[in-house]
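Okay, so here's the structure we're looking at.
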Amino acid sequence: MQILNMILYTAITLGVLIFVHELGHFLAAKLTGMRVDRFSIGFPPRAFGKIIGDTDYCVSWIPVGGYVKIAGMIDESMDTEFLSKAPEPWEFRSKPLWARMIVISAGVVMNVLLAIGIFWGISYTAGKLTKETTVVGYVMEGTPAERAGFRANDSILSINGKHVDNWDDIDHLMYIENMGNEMTFEILRDGHRSTLIMPPRPAGEPPDKPLGLVVGYTIAVVKIVEPKMPAEAIGVKPGDVITMVDTTKVAYPRIFTEIKRHAGQMITITWTRDSRELSARTTVTKEGRIGVSIEGIYTGPMSREQYSFVGALPEGLSKTWESVYLFYLTISKIVAGKTTIKESLGGPIAIAQLATQSANYGISSFLGFMALLSMSLALINILPFPALDGGHLVMMIYEKIFRREIPQRLKIIIQQTGFILLLLLMAFVIYNDISRF
């Protein structure tokens, strides 16, 4: 079932992003009087589709993107037959520079608009929820937070000298403003102030691994109970809150380590349901599981800010800018040698895992992940690399500045080389995904 969910959420995520991107190219081409020969999800060779008018709407075999084949343009299809003929009025090469640049940029623009639209919609419908606490509920084992010396019930007062009032401030300072840098925390523990230093991640540690601080007041709510597993046998149901393993109080995510620690052993599980406390003894599997999917639910003090439809737009733009800043930080740390391409890049398997995890937290989380990925797709596509939209734009700008056209044969070589390099990069990230899976 988990595999089917991963396939479903990945297909939805990538399908929407690719479709929106290619729809941008398609609409821009139509509006500027260009003929579109093919609208493809996936790269050649063609798998199946339907021809409507001048356009072949199809799905192709290489599922790493998509393309719109515009008459008279050198692109992913590697079609060069038109070069032996005189330019036609409806062809890409016959149109003025401004029209060609609009067509090439339209896919990126559509991905940016999609991200803004999703973040705008989430802000309007859900508002802004703020967790009004700075108390640490749990410190995950083997993480930078544990190595820095954090303990449960510590209250964070400031990070790198900046005062924090709530957990949203903490998340922003840890994962955005100071991502990858050393951080100095001023904390309150047992009534005494002290300072903790969290060094940068050690080399080889994945950048998407949590820093290890979990907000207080986070309870462990059962989301799914697997059939024919220990939890089902003792009567645990979705919506129950697991509170104890034997005599140890557990919240989210400590419950995972406590259950795994008792792999193959008999334990007592205590949980609450509708204010009633229940308990039963069961045996943990040899793999350290009882057959439940647990979701962490924050139950502490919280404030909600609601936005009007127009008022939600600045918040949506702010979240979009944060995604751009995160992309910039990742690239800058690769260039500076603080992290490696292997540690930073994720492919289809990583996307599948993140899409499924976000979907498990609800529709807003899933859409937020899609918006983040949409911005990443836009930023990657605008890079000045052959076969990407940015590569096409660079050649157009070169021709405009030097007032001479790049020979078509050279364009073909550049395009084919870029496409091969992209396929090699995709093979690398897939291998990288598998090695980390």
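FYI, nothing fancy with the structure tokens labels: chains A, B, ... in order, residues from 1 per chain, ligands from 1 as they appear.
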Requested in this report: Could you give me, as a ChimeraX atom specification, each residue of stretch 262-295 of chain A that DSSP assigns to strand (DSSP E or B) when run on this structure's backbone?
Outcome: /A:266-273,276-283,292-295
With N, CA, C and O atoms retained, write the just-selected residues as a compact mmCIF listing (two decimals), in the first residue's frame.
```txt
# COMPACT_ATOMS: atom_id res chain seq x y z
N MET A 266 8.16 -8.28 24.98
CA MET A 266 6.80 -7.98 25.44
C MET A 266 6.81 -6.62 26.12
O MET A 266 7.67 -6.34 26.95
N ILE A 267 5.84 -5.75 25.77
CA ILE A 267 5.75 -4.42 26.37
C ILE A 267 4.29 -4.11 26.68
O ILE A 267 3.37 -4.77 26.19
N THR A 268 4.11 -3.08 27.51
CA THR A 268 2.77 -2.57 27.81
C THR A 268 2.60 -1.23 27.09
O THR A 268 3.42 -0.31 27.26
N ILE A 269 1.57 -1.14 26.26
CA ILE A 269 1.26 0.10 25.55
C ILE A 269 0.08 0.76 26.25
O ILE A 269 -0.94 0.12 26.51
N THR A 270 0.22 2.06 26.56
CA THR A 270 -0.87 2.83 27.16
C THR A 270 -1.27 3.93 26.20
O THR A 270 -0.41 4.62 25.65
N TRP A 271 -2.58 4.07 26.00
CA TRP A 271 -3.07 5.10 25.08
C TRP A 271 -4.38 5.68 25.59
O TRP A 271 -5.02 5.12 26.49
N THR A 272 -4.74 6.84 25.04
CA THR A 272 -6.00 7.47 25.44
C THR A 272 -6.93 7.53 24.23
O THR A 272 -6.50 7.68 23.09
N ARG A 273 -8.24 7.44 24.54
CA ARG A 273 -9.27 7.54 23.50
C ARG A 273 -10.50 8.20 24.14
O ARG A 273 -11.06 7.65 25.09
N ARG A 276 -10.49 8.54 27.80
CA ARG A 276 -10.34 7.29 28.55
C ARG A 276 -8.94 6.74 28.36
O ARG A 276 -8.42 6.76 27.25
N GLU A 277 -8.35 6.22 29.43
CA GLU A 277 -7.02 5.62 29.33
C GLU A 277 -7.15 4.11 29.20
O GLU A 277 -7.86 3.46 29.96
N LEU A 278 -6.47 3.58 28.18
CA LEU A 278 -6.49 2.14 27.91
C LEU A 278 -5.06 1.62 27.91
O LEU A 278 -4.12 2.36 27.62
N SER A 279 -4.89 0.34 28.16
CA SER A 279 -3.56 -0.25 28.10
C SER A 279 -3.68 -1.74 27.83
O SER A 279 -4.70 -2.37 28.13
N ALA A 280 -2.63 -2.29 27.26
CA ALA A 280 -2.59 -3.72 26.96
C ALA A 280 -1.14 -4.13 26.71
O ALA A 280 -0.30 -3.30 26.37
N ARG A 281 -0.88 -5.41 26.89
CA ARG A 281 0.46 -5.92 26.63
C ARG A 281 0.51 -6.59 25.25
O ARG A 281 -0.46 -7.22 24.81
N THR A 282 1.64 -6.41 24.59
CA THR A 282 1.81 -7.00 23.27
C THR A 282 3.30 -7.23 23.03
O THR A 282 4.14 -6.77 23.80
N THR A 283 3.62 -7.93 21.95
CA THR A 283 5.01 -8.22 21.62
C THR A 283 5.43 -7.42 20.39
O THR A 283 4.76 -7.48 19.35
N VAL A 292 1.81 0.59 13.50
CA VAL A 292 1.05 1.82 13.47
C VAL A 292 1.83 2.90 12.73
O VAL A 292 3.06 2.91 12.73
N SER A 293 1.08 3.81 12.09
CA SER A 293 1.67 5.02 11.52
C SER A 293 1.32 6.15 12.48
O SER A 293 0.14 6.35 12.81
N ILE A 294 2.36 6.86 12.95
CA ILE A 294 2.16 7.88 13.99
C ILE A 294 2.36 9.27 13.40
O ILE A 294 3.30 9.51 12.63
N GLU A 295 1.49 10.18 13.77
CA GLU A 295 1.62 11.58 13.36
C GLU A 295 1.80 12.45 14.60
O GLU A 295 1.11 12.26 15.61
```
Report task. Going by DSSP on the backbone, which bits of stretch 165-354 of chain A are helix (DSSP H, G or I)? Write them as a PyMOL selection string, please. Result -> chain A and resi 167-177+230-233+254-261+312-335+341-344+348-354
Distance table requested - stretch 138-217 of chain A against stretch 297-310 of chain A, cut-off 8 Å, only C-alpha atoms: one row per qualifying residue with the closest atom pair and its distance in Å to one decimal, ordered by chain and rising residue number, as a tab-separated table.
```
residue	atom	partner	partner_atom	distance
A:Val215	CA	A:Tyr298	CA	7.8
A:Gly216	CA	A:Gly300	CA	7.4
A:Tyr217	CA	A:Gly300	CA	5.1
```
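If you measure from each of A:Leu97, A:Leu211, A:Met396, A:Val164 to A:Ala148 using only C-alpha atoms, the closest one turns out to be A:Leu211.
Across A:Ala47, A:Leu421, A:Leu4, A:Leu388, the tightest approach to A:Tyr67 is made by A:Leu388 when counting only C-alpha atoms.
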Query raised in the report: What lies within 8 Å of A:Pro45 using only C-alpha atoms, ignoring chain neighbours under 5 positions off, as JSON, numbers by chain?
Result: {"A": [60, 61, 62]}
C-alpha atoms of the current selection, written as a PDB file, in the first residue's frame:
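Below is the file part35.pdb, written as the result:
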```
ATOM      1  CA  SER A  60       6.749   9.686 -24.085  1.00  0.00           C
ATOM      2  CA  TRP A  61       8.883   6.921 -22.627  1.00  0.00           C
ATOM      3  CA  ILE A  62      11.582   8.829 -20.698  1.00  0.00           C
TER       4      ILE A  62
END
```
Report task. Would you mind listing what lies within 7 Å of A:Ala387 as JSON, numbers by chain, with only C-alpha atoms counted and same-chain residues fewer than 6 positions away left out? Result -> {"A": [415, 418, 419]}
Would you mind exporting N, CA, C and O atoms of the selected residues as a JSON list (two decimals), in the first residue's frame?
```
[["chain", "number", "residue", "atom", "x", "y", "z"],
["A", 415, "GLN", "N", 22.63, 21.62, -28.13],
["A", 415, "GLN", "CA", 21.41, 21.04, -27.58],
["A", 415, "GLN", "C", 21.58, 19.55, -27.27],
["A", 415, "GLN", "O", 21.21, 19.08, -26.19],
["A", 418, "GLY", "N", 23.92, 19.08, -24.26],
["A", 418, "GLY", "CA", 23.23, 19.42, -23.02],
["A", 418, "GLY", "C", 22.24, 18.35, -22.61],
["A", 418, "GLY", "O", 22.13, 17.99, -21.43],
["A", 419, "PHE", "N", 21.50, 17.80, -23.58],
["A", 419, "PHE", "CA", 20.51, 16.77, -23.29],
["A", 419, "PHE", "C", 21.19, 15.51, -22.75],
["A", 419, "PHE", "O", 20.71, 14.90, -21.77]]
```
Report summary line: Pairwise distance, atom CA of A:Ala86 with atom CA of A:Val394, equals 24.7 Å
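The closest residue to A:Ala378, picked from A:Ser155, A:Thr356, A:Ser323, A:Asn166 and counting only C-alpha atoms, is A:Ser323.
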Query - Shell of 8 Å around A:Gly291, only C-alpha atoms, local chain residues under 4 positions omitted, as a list in words - result: Val225, Glu226, Pro227, Met229, Pro230, Ala231 and Glu232 of chain A
Query raised in the report: Nearest to A:Glu315 among A:Thr32, A:Ser123, A:Thr285, A:Thr134, with distances taken over only C-alpha atoms: which residue is it?
Result: A:Ser123
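Nearest-residue note for A:His392: choosing from A:Ile420, A:Val214, A:Val222, A:Ile414, the minimum distance belongs to A:Ile414, counting only C-alpha atoms.
Interatomic distance, atom CA of A:Leu326 to atom CA of A:Thr130: 21.0 Å.
Closest approach to A:Ala126 from the set A:Ile363, A:Ile413, A:Ile219, A:Met375 is made by A:Ile363, with distances taken over only C-alpha atoms.
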Do a neighbour search on stretch 10-26 of chain A at 6 Å with only C-alpha atoms, toss out local chain neighbours closer than 4 positions, and write the hits as a tab-separated table (two decimals) with C-alpha atoms, in the first residue's frame.
```
chain	number	residue	atom	x	y	z
A	6	MET	CA	4.33	6.80	-3.26
A	103	VAL	CA	7.91	31.47	-25.43
A	106	ALA	CA	6.79	31.05	-20.27
A	107	GLY	CA	7.34	27.63	-18.68
A	110	MET	CA	4.04	29.38	-15.11
A	111	ASN	CA	5.92	27.41	-12.43
A	352	ALA	CA	8.48	10.24	-3.99
```
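What separates atom CA of A:Glu322 from atom CA of A:Ser376 is a distance of 11.4 Å.
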